[in-house]
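Peer 1: Dropping in input_12.json, with JSON, C-alpha atoms.
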[["chain", "number", "residue", "atom", "x", "y", "z"],
["A", 942, "MET", "CA", -28.83, -39.30, 6.01],
["A", 943, "VAL", "CA", -26.66, -36.18, 5.93],
["A", 944, "TYR", "CA", -27.66, -33.38, 8.29],
["A", 945, "LEU", "CA", -27.07, -29.64, 8.04],
["A", 946, "LEU", "CA", -25.45, -28.40, 11.23],
["A", 947, "ASP", "CA", -26.83, -25.20, 12.74],
["A", 948, "THR", "CA", -24.61, -22.50, 14.22],
["A", 949, "ASN", "CA", -26.03, -22.80, 17.72],
["A", 950, "ILE", "CA", -24.86, -26.43, 17.98],
["A", 951, "ILE", "CA", -21.29, -25.24, 17.28],
["A", 952, "ILE", "CA", -21.59, -22.30, 19.69],
["A", 953, "ARG", "CA", -22.98, -24.39, 22.56],
["A", 954, "PHE", "CA", -20.27, -27.00, 22.03],
["A", 955, "LEU", "CA", -17.41, -24.51, 22.01],
["A", 956, "VAL", "CA", -18.69, -22.09, 24.66],
["A", 957, "GLY", "CA", -20.43, -24.52, 27.02],
["A", 958, "ASP", "CA", -22.60, -21.83, 28.58],
["A", 959, "HIS", "CA", -25.79, -23.91, 28.67],
["A", 960, "ARG", "CA", -25.50, -27.21, 30.55],
["A", 961, "GLU", "CA", -28.25, -29.07, 28.68],
["A", 962, "HIS", "CA", -27.18, -27.83, 25.24],
["A", 963, "LEU", "CA", -23.53, -28.56, 26.01],
["A", 964, "ALA", "CA", -24.34, -32.17, 26.84],
["A", 965, "LYS", "CA", -26.38, -32.63, 23.66],
["A", 966, "SER", "CA", -23.89, -30.81, 21.41],
["A", 967, "THR", "CA", -21.01, -32.83, 22.89],
["A", 968, "GLU", "CA", -22.91, -36.02, 22.06],
["A", 969, "ILE", "CA", -23.56, -34.75, 18.53],
["A", 970, "PHE", "CA", -19.90, -33.86, 17.98],
["A", 971, "LYS", "CA", -18.69, -37.23, 19.29],
["A", 972, "ASP", "CA", -20.92, -38.84, 16.67],
["A", 973, "ILE", "CA", -19.64, -36.45, 13.98],
["A", 974, "GLU", "CA", -16.01, -37.04, 14.93],
["A", 975, "SER", "CA", -16.44, -40.81, 14.62],
["A", 976, "ALA", "CA", -18.54, -40.45, 11.42],
["A", 977, "LYS", "CA", -21.50, -42.11, 13.12],
["A", 978, "LEU", "CA", -23.30, -38.91, 12.10],
["A", 979, "GLN", "CA", -22.64, -37.14, 8.79],
["A", 980, "VAL", "CA", -23.09, -33.39, 8.51],
["A", 981, "GLU", "CA", -22.46, -30.56, 6.13],
["A", 982, "ILE", "CA", -21.45, -27.19, 7.53],
["A", 983, "LEU", "CA", -22.63, -24.40, 5.26],
["A", 984, "GLU", "CA", -20.36, -21.42, 4.57],
["A", 985, "GLY", "CA", -22.86, -19.11, 6.26],
["A", 986, "VAL", "CA", -22.95, -21.27, 9.37],
["A", 987, "LEU", "CA", -19.17, -21.27, 9.65],
["A", 988, "MET", "CA", -19.09, -17.50, 9.11],
["A", 989, "GLU", "CA", -21.79, -16.91, 11.73],
["A", 990, "ALA", "CA", -20.04, -19.16, 14.25],
["A", 991, "PHE", "CA", -16.77, -17.29, 13.70],
["A", 992, "PHE", "CA", -18.50, -13.93, 14.07],
["A", 993, "VAL", "CA", -20.48, -14.83, 17.21],
["A", 994, "LEU", "CA", -17.51, -16.45, 18.93],
["A", 995, "THR", "CA", -15.09, -13.60, 18.21],
["A", 996, "LYS", "CA", -17.42, -10.58, 18.46],
["A", 997, "PHE", "CA", -20.13, -11.55, 20.96],
["A", 998, "TYR", "CA", -18.19, -13.96, 23.17],
["A", 999, "LYS", "CA", -14.91, -12.12, 22.50],
["A", 1000, "LEU", "CA", -12.91, -15.33, 22.25],
["A", 1001, "PRO", "CA", -9.42, -15.04, 20.76],
["A", 1002, "LYS", "CA", -9.53, -15.25, 16.96],
["A", 1003, "ASN", "CA", -6.74, -17.83, 16.75],
["A", 1004, "GLU", "CA", -8.48, -20.07, 19.28],
["A", 1005, "VAL", "CA", -11.77, -19.87, 17.38],
["A", 1006, "ILE", "CA", -10.05, -20.60, 14.07],
["A", 1007, "ASN", "CA", -8.27, -23.63, 15.55],
["A", 1008, "ASP", "CA", -11.53, -24.92, 17.03],
["A", 1009, "LEU", "CA", -13.42, -24.49, 13.75],
["A", 1010, "LYS", "CA", -10.62, -26.17, 11.77],
["A", 1011, "THR", "CA", -10.73, -29.08, 14.21],
["A", 1012, "ILE", "CA", -14.47, -29.43, 13.69],
["A", 1013, "LEU", "CA", -14.05, -29.31, 9.90],
["A", 1014, "ALA", "CA", -11.51, -32.14, 10.14],
["A", 1015, "PHE", "CA", -13.95, -34.50, 11.87],
["A", 1016, "ASN", "CA", -14.65, -37.64, 9.84],
["A", 1017, "GLY", "CA", -18.38, -36.98, 9.75],
["A", 1018, "VAL", "CA", -18.05, -33.52, 8.18],
["A", 1019, "ILE", "CA", -18.54, -34.39, 4.53],
["A", 1020, "ASN", "CA", -18.45, -30.97, 2.87],
["A", 1021, "SER", "CA", -17.20, -31.06, -0.69],
["A", 1022, "ASN", "CA", -15.82, -27.56, -0.05],
["A", 1023, "LYS", "CA", -13.89, -28.49, 3.11],
["A", 1024, "ALA", "CA", -10.56, -27.34, 1.62],
["A", 1025, "ILE", "CA", -12.07, -23.95, 0.73],
["A", 1026, "LEU", "CA", -13.46, -23.46, 4.24],
["A", 1027, "TYR", "CA", -10.16, -24.50, 5.80],
["A", 1028, "GLU", "CA", -8.27, -22.10, 3.51],
["A", 1029, "THR", "CA", -10.76, -19.34, 4.33],
["A", 1030, "LEU", "CA", -10.01, -19.71, 8.04],
["A", 1031, "THR", "CA", -6.28, -19.72, 7.33],
["A", 1032, "ILE", "CA", -6.56, -16.50, 5.31],
["A", 1033, "VAL", "CA", -8.62, -14.83, 8.07],
["A", 1034, "GLU", "CA", -5.90, -15.77, 10.55],
["A", 1035, "VAL", "CA", -2.88, -14.83, 8.44],
["A", 1036, "LYS", "CA", -4.14, -11.81, 6.49],
["A", 1037, "ASN", "CA", -6.48, -10.44, 9.17],
["A", 1038, "ILE", "CA", -9.31, -9.77, 6.71],
["A", 1039, "ASP", "CA", -12.99, -10.47, 7.22],
["A", 1040, "PHE", "CA", -14.51, -13.87, 6.61],
["A", 1041, "VAL", "CA", -16.32, -13.11, 3.34],
["A", 1042, "ASP", "CA", -13.26, -11.48, 1.76],
["A", 1043, "ALA", "CA", -11.20, -14.48, 2.86],
["A", 1044, "LEU", "CA", -13.81, -16.82, 1.33],
["A", 1045, "ILE", "CA", -13.56, -14.95, -1.97],
["A", 1046, "CYS", "CA", -9.76, -15.24, -1.85],
["A", 1047, "ALA", "CA", -9.93, -18.96, -1.03],
["A", 1048, "LYS", "CA", -12.39, -19.72, -3.84],
["A", 1049, "SER", "CA", -10.28, -17.66, -6.24],
["A", 1050, "LYS", "CA", -7.09, -19.45, -5.22],
["A", 1051, "LEU", "CA", -8.44, -23.00, -5.11],
["A", 1052, "GLN", "CA", -11.04, -22.90, -7.87],
["A", 1053, "GLY", "CA", -9.49, -20.42, -10.29],
["A", 1054, "PHE", "CA", -12.12, -17.69, -10.04],
["A", 1055, "GLY", "CA", -11.22, -14.08, -10.77],
["A", 1056, "LYS", "CA", -11.94, -11.43, -8.12],
["A", 1057, "LEU", "CA", -13.76, -8.12, -8.42],
["A", 1058, "SER", "CA", -13.36, -6.05, -5.28],
["A", 1059, "PHE", "CA", -12.40, -2.66, -3.89],
["A", 1060, "ASP", "CA", -10.43, -4.37, -1.09]]
Would you kindly transcribe this structure into structure tokens?

Peer 2:
Amino acid sequence: MVYLLDTNIIIRFLVGDHREHLAKSTEIFKDIESAKLQVEILEGVLMEAFFVLTKFYKLPKNEVINDLKTILAFNGVINSNKAILYETLTIVEVKNIDFVDALICAKSKLQGFGKLSFD
């Protein structure tokens, strides 16, 4: 079975501010890394995790991007849009634009969509 990963699992794993949730999320991510557990990370979940980690927890953007890219690379993350999400994070890092604009750019670049925007 493939599971949808919720944002709070990512947050607890990366922040470690709740002992019980950290232990459980660490176990979950070990299983994801080894592909014992298969998950899909929705675009909205990745966006929310990025936002919460950088705005609420005020973690450095580059650190958050590296952590999220590492998670996306785990064997158990089976997203068909993994390349788009990875490119989105790269664009956020390099171009310093918001996540949704970067997602539009990534989809345009990798899937050949046109863009309509005021940005």

Peer 1: Check the smallest atom-to-atom distance from each of A:Leu987, A:Leu1051, A:Ile973, A:Val956 to Ile1006 of chain A using only C-alpha atoms, then report the winner.

Peer 2: A:Leu987

Peer 1: For the point (-25.4, -28.0, 12.9) in the file's frame, write as a VMD selection string all residues with an atom no more than 12 Å away, counting all atoms listed in the file.

Peer 2: chain A and resid 943 to 954 965 to 967 969 to 970 973 978 to 987 989 to 990 1012 to 1013 1017 to 1018

Peer 1: If you take all atoms listed in the file and a cut-off of 9 Å, which residues of segment 947-1031 of chain A touch segment 1037-1046 of chain A, and what are their nearest atom pairs and distances in Å to one decimal, in chain and number order, as JSON lines?

Peer 2:
{"residue": "A:Glu984", "atom": "CA", "partner": "A:Leu1044", "partner_atom": "CA", "distance": 8.6}
{"residue": "A:Met988", "atom": "CA", "partner": "A:Phe1040", "partner_atom": "CA", "distance": 6.4}
{"residue": "A:Phe991", "atom": "CA", "partner": "A:Phe1040", "partner_atom": "CA", "distance": 8.2}
{"residue": "A:Phe992", "atom": "CA", "partner": "A:Phe1040", "partner_atom": "CA", "distance": 8.5}
{"residue": "A:Ile1025", "atom": "CA", "partner": "A:Leu1044", "partner_atom": "CA", "distance": 7.4}
{"residue": "A:Leu1026", "atom": "CA", "partner": "A:Leu1044", "partner_atom": "CA", "distance": 7.3}
{"residue": "A:Glu1028", "atom": "CA", "partner": "A:Leu1044", "partner_atom": "CA", "distance": 8.0}
{"residue": "A:Thr1029", "atom": "CA", "partner": "A:Leu1044", "partner_atom": "CA", "distance": 5.0}
{"residue": "A:Leu1030", "atom": "CA", "partner": "A:Ala1043", "partner_atom": "CA", "distance": 7.5}
{"residue": "A:Thr1031", "atom": "CA", "partner": "A:Ala1043", "partner_atom": "CA", "distance": 8.5}

Peer 1: Counting all atoms listed in the file, which residue out of A:Arg960, A:Phe1015, A:Asn1020, A:Lys1002 sits closest to Val1033 of chain A?

Peer 2: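 Comparing A:Arg960, A:Phe1015, A:Asn1020, A:Lys1002 against Val1033 of chain A, the winner is A:Lys1002.
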
Peer 1: Between atom CA of Lys977 of chain A and atom CA of Lys1010 of chain A, what is the spacing in Å?

Peer 2: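 Answer for the atom CA of Lys1010 of chain A to atom CA of Lys977 of chain A separation: 19.3 Å.
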
Peer 1: So which one's closest to Ser975 of chain A, A:Ala1047, A:Ala1014, A:Ile1032, A:Gln1052? Using all atoms listed in the file, please.

Peer 2: A:Ala1014

Peer 1: How far is it from atom CA of Asp972 of chain A to atom CA of Lys996 of chain A, in Å with one decimal?

Peer 2: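 Rounded to one decimal, the two atoms are 28.5 Å apart.
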
Peer 1: Rounded to one decimal, what separation in Å do you get between atom CA of Leu955 of chain A and atom CA of Thr995 of chain A?

Peer 2: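 Atom-to-atom, atom CA of Leu955 of chain A to atom CA of Thr995 of chain A, that is 11.8 Å.
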
Peer 1: Take every atom of segment 1051-1055 of chain A listed in the file, pad by 3 Å on each side, and give me the axis-aligned box centre and edge lengths in Å, one decimal, as lines of an AutoDock Vina configuration file.

Peer 2:
center_x = -10.3
center_y = -18.5
center_z = -7.9
size_x = 9.7
size_y = 14.9
size_z = 11.7

Peer 1: Please, could all heavy atoms be added to segment 974-985 of chain A and the result written as a PDB file, in the frame of the given file?

Peer 2:
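Saved the output as selection.pdb:
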ATOM      1  N   GLU A 974     -17.438 -36.728  14.958  1.00  0.00           N
ATOM      2  CA  GLU A 974     -16.010 -37.040  14.930  1.00  0.00           C
ATOM      3  C   GLU A 974     -15.761 -38.485  14.505  1.00  0.00           C
ATOM      4  O   GLU A 974     -14.832 -38.780  13.753  1.00  0.00           O
ATOM      5  CB  GLU A 974     -15.379 -36.779  16.303  1.00  0.00           C
ATOM      6  CG  GLU A 974     -13.882 -36.949  16.319  1.00  0.00           C
ATOM      7  CD  GLU A 974     -13.256 -36.570  17.641  1.00  0.00           C
ATOM      8  OE1 GLU A 974     -13.971 -36.458  18.658  1.00  0.00           O
ATOM      9  OE2 GLU A 974     -12.032 -36.378  17.659  1.00  0.00           O
ATOM     10  N   SER A 975     -16.602 -39.387  14.953  1.00  0.00           N
ATOM     11  CA  SER A 975     -16.440 -40.810  14.620  1.00  0.00           C
ATOM     12  C   SER A 975     -17.145 -41.197  13.319  1.00  0.00           C
ATOM     13  O   SER A 975     -17.106 -42.357  12.926  1.00  0.00           O
ATOM     14  CB  SER A 975     -16.992 -41.663  15.758  1.00  0.00           C
ATOM     15  OG  SER A 975     -18.401 -41.540  15.836  1.00  0.00           O
ATOM     16  N   ALA A 976     -17.790 -40.233  12.671  1.00  0.00           N
ATOM     17  CA  ALA A 976     -18.540 -40.450  11.420  1.00  0.00           C
ATOM     18  C   ALA A 976     -19.792 -41.300  11.619  1.00  0.00           C
ATOM     19  O   ALA A 976     -20.371 -41.786  10.654  1.00  0.00           O
ATOM     20  CB  ALA A 976     -17.658 -41.019  10.317  1.00  0.00           C
ATOM     21  N   LYS A 977     -20.208 -41.458  12.849  1.00  0.00           N
ATOM     22  CA  LYS A 977     -21.500 -42.110  13.120  1.00  0.00           C
ATOM     23  C   LYS A 977     -22.626 -41.217  12.607  1.00  0.00           C
ATOM     24  O   LYS A 977     -23.693 -41.688  12.233  1.00  0.00           O
ATOM     25  CB  LYS A 977     -21.640 -42.361  14.614  1.00  0.00           C
ATOM     26  CG  LYS A 977     -22.881 -43.083  15.022  1.00  0.00           C
ATOM     27  CD  LYS A 977     -22.892 -43.340  16.519  1.00  0.00           C
ATOM     28  CE  LYS A 977     -24.203 -43.953  16.955  1.00  0.00           C
ATOM     29  NZ  LYS A 977     -24.247 -44.115  18.416  1.00  0.00           N
ATOM     30  N   LEU A 978     -22.363 -39.914  12.593  1.00  0.00           N
ATOM     31  CA  LEU A 978     -23.300 -38.910  12.100  1.00  0.00           C
ATOM     32  C   LEU A 978     -22.578 -38.099  11.030  1.00  0.00           C
ATOM     33  O   LEU A 978     -21.437 -37.681  11.228  1.00  0.00           O
ATOM     34  CB  LEU A 978     -23.704 -38.002  13.272  1.00  0.00           C
ATOM     35  CG  LEU A 978     -24.765 -36.949  13.042  1.00  0.00           C
ATOM     36  CD1 LEU A 978     -26.112 -37.586  12.694  1.00  0.00           C
ATOM     37  CD2 LEU A 978     -24.911 -36.096  14.298  1.00  0.00           C
ATOM     38  N   GLN A 979     -23.226 -37.915   9.872  1.00  0.00           N
ATOM     39  CA  GLN A 979     -22.640 -37.140   8.790  1.00  0.00           C
ATOM     40  C   GLN A 979     -23.345 -35.794   8.680  1.00  0.00           C
ATOM     41  O   GLN A 979     -24.582 -35.735   8.674  1.00  0.00           O
ATOM     42  CB  GLN A 979     -22.744 -37.886   7.461  1.00  0.00           C
ATOM     43  CG  GLN A 979     -21.886 -39.130   7.413  1.00  0.00           C
ATOM     44  CD  GLN A 979     -21.908 -39.767   6.054  1.00  0.00           C
ATOM     45  OE1 GLN A 979     -22.911 -39.726   5.351  1.00  0.00           O
ATOM     46  NE2 GLN A 979     -20.805 -40.374   5.681  1.00  0.00           N
ATOM     47  N   VAL A 980     -22.535 -34.733   8.599  1.00  0.00           N
ATOM     48  CA  VAL A 980     -23.090 -33.390   8.510  1.00  0.00           C
ATOM     49  C   VAL A 980     -22.376 -32.596   7.424  1.00  0.00           C
ATOM     50  O   VAL A 980     -21.244 -32.904   7.039  1.00  0.00           O
ATOM     51  CB  VAL A 980     -22.953 -32.616   9.853  1.00  0.00           C
ATOM     52  CG1 VAL A 980     -23.704 -33.314  10.967  1.00  0.00           C
ATOM     53  CG2 VAL A 980     -21.508 -32.374  10.224  1.00  0.00           C
ATOM     54  N   GLU A 981     -23.064 -31.567   6.974  1.00  0.00           N
ATOM     55  CA  GLU A 981     -22.460 -30.560   6.130  1.00  0.00           C
ATOM     56  C   GLU A 981     -22.565 -29.240   6.889  1.00  0.00           C
ATOM     57  O   GLU A 981     -23.597 -28.928   7.482  1.00  0.00           O
ATOM     58  CB  GLU A 981     -23.164 -30.445   4.785  1.00  0.00           C
ATOM     59  CG  GLU A 981     -22.494 -29.424   3.887  1.00  0.00           C
ATOM     60  CD  GLU A 981     -22.955 -29.480   2.449  1.00  0.00           C
ATOM     61  OE1 GLU A 981     -23.508 -30.510   2.023  1.00  0.00           O
ATOM     62  OE2 GLU A 981     -22.753 -28.474   1.764  1.00  0.00           O
ATOM     63  N   ILE A 982     -21.465 -28.499   6.878  1.00  0.00           N
ATOM     64  CA  ILE A 982     -21.450 -27.190   7.530  1.00  0.00           C
ATOM     65  C   ILE A 982     -21.428 -26.142   6.427  1.00  0.00           C
ATOM     66  O   ILE A 982     -20.450 -26.028   5.680  1.00  0.00           O
ATOM     67  CB  ILE A 982     -20.223 -27.034   8.454  1.00  0.00           C
ATOM     68  CG1 ILE A 982     -20.235 -28.127   9.526  1.00  0.00           C
ATOM     69  CG2 ILE A 982     -20.215 -25.642   9.084  1.00  0.00           C
ATOM     70  CD1 ILE A 982     -18.994 -28.159  10.400  1.00  0.00           C
ATOM     71  N   LEU A 983     -22.523 -25.411   6.307  1.00  0.00           N
ATOM     72  CA  LEU A 983     -22.630 -24.400   5.260  1.00  0.00           C
ATOM     73  C   LEU A 983     -21.677 -23.240   5.527  1.00  0.00           C
ATOM     74  O   LEU A 983     -21.341 -22.948   6.674  1.00  0.00           O
ATOM     75  CB  LEU A 983     -24.067 -23.888   5.171  1.00  0.00           C
ATOM     76  CG  LEU A 983     -25.143 -24.927   4.865  1.00  0.00           C
ATOM     77  CD1 LEU A 983     -26.519 -24.285   4.919  1.00  0.00           C
ATOM     78  CD2 LEU A 983     -24.898 -25.583   3.517  1.00  0.00           C
ATOM     79  N   GLU A 984     -21.262 -22.567   4.447  1.00  0.00           N
ATOM     80  CA  GLU A 984     -20.360 -21.420   4.570  1.00  0.00           C
ATOM     81  C   GLU A 984     -20.927 -20.371   5.521  1.00  0.00           C
ATOM     82  O   GLU A 984     -20.210 -19.822   6.352  1.00  0.00           O
ATOM     83  CB  GLU A 984     -20.116 -20.780   3.196  1.00  0.00           C
ATOM     84  CG  GLU A 984     -19.371 -21.656   2.237  1.00  0.00           C
ATOM     85  CD  GLU A 984     -19.372 -21.130   0.809  1.00  0.00           C
ATOM     86  OE1 GLU A 984     -20.104 -20.161   0.489  1.00  0.00           O
ATOM     87  OE2 GLU A 984     -18.628 -21.696  -0.011  1.00  0.00           O
ATOM     88  N   GLY A 985     -22.212 -20.099   5.407  1.00  0.00           N
ATOM     89  CA  GLY A 985     -22.860 -19.110   6.260  1.00  0.00           C
ATOM     90  C   GLY A 985     -22.851 -19.509   7.728  1.00  0.00           C
ATOM     91  O   GLY A 985     -22.731 -18.657   8.614  1.00  0.00           O
TER      92      GLY A 985
END
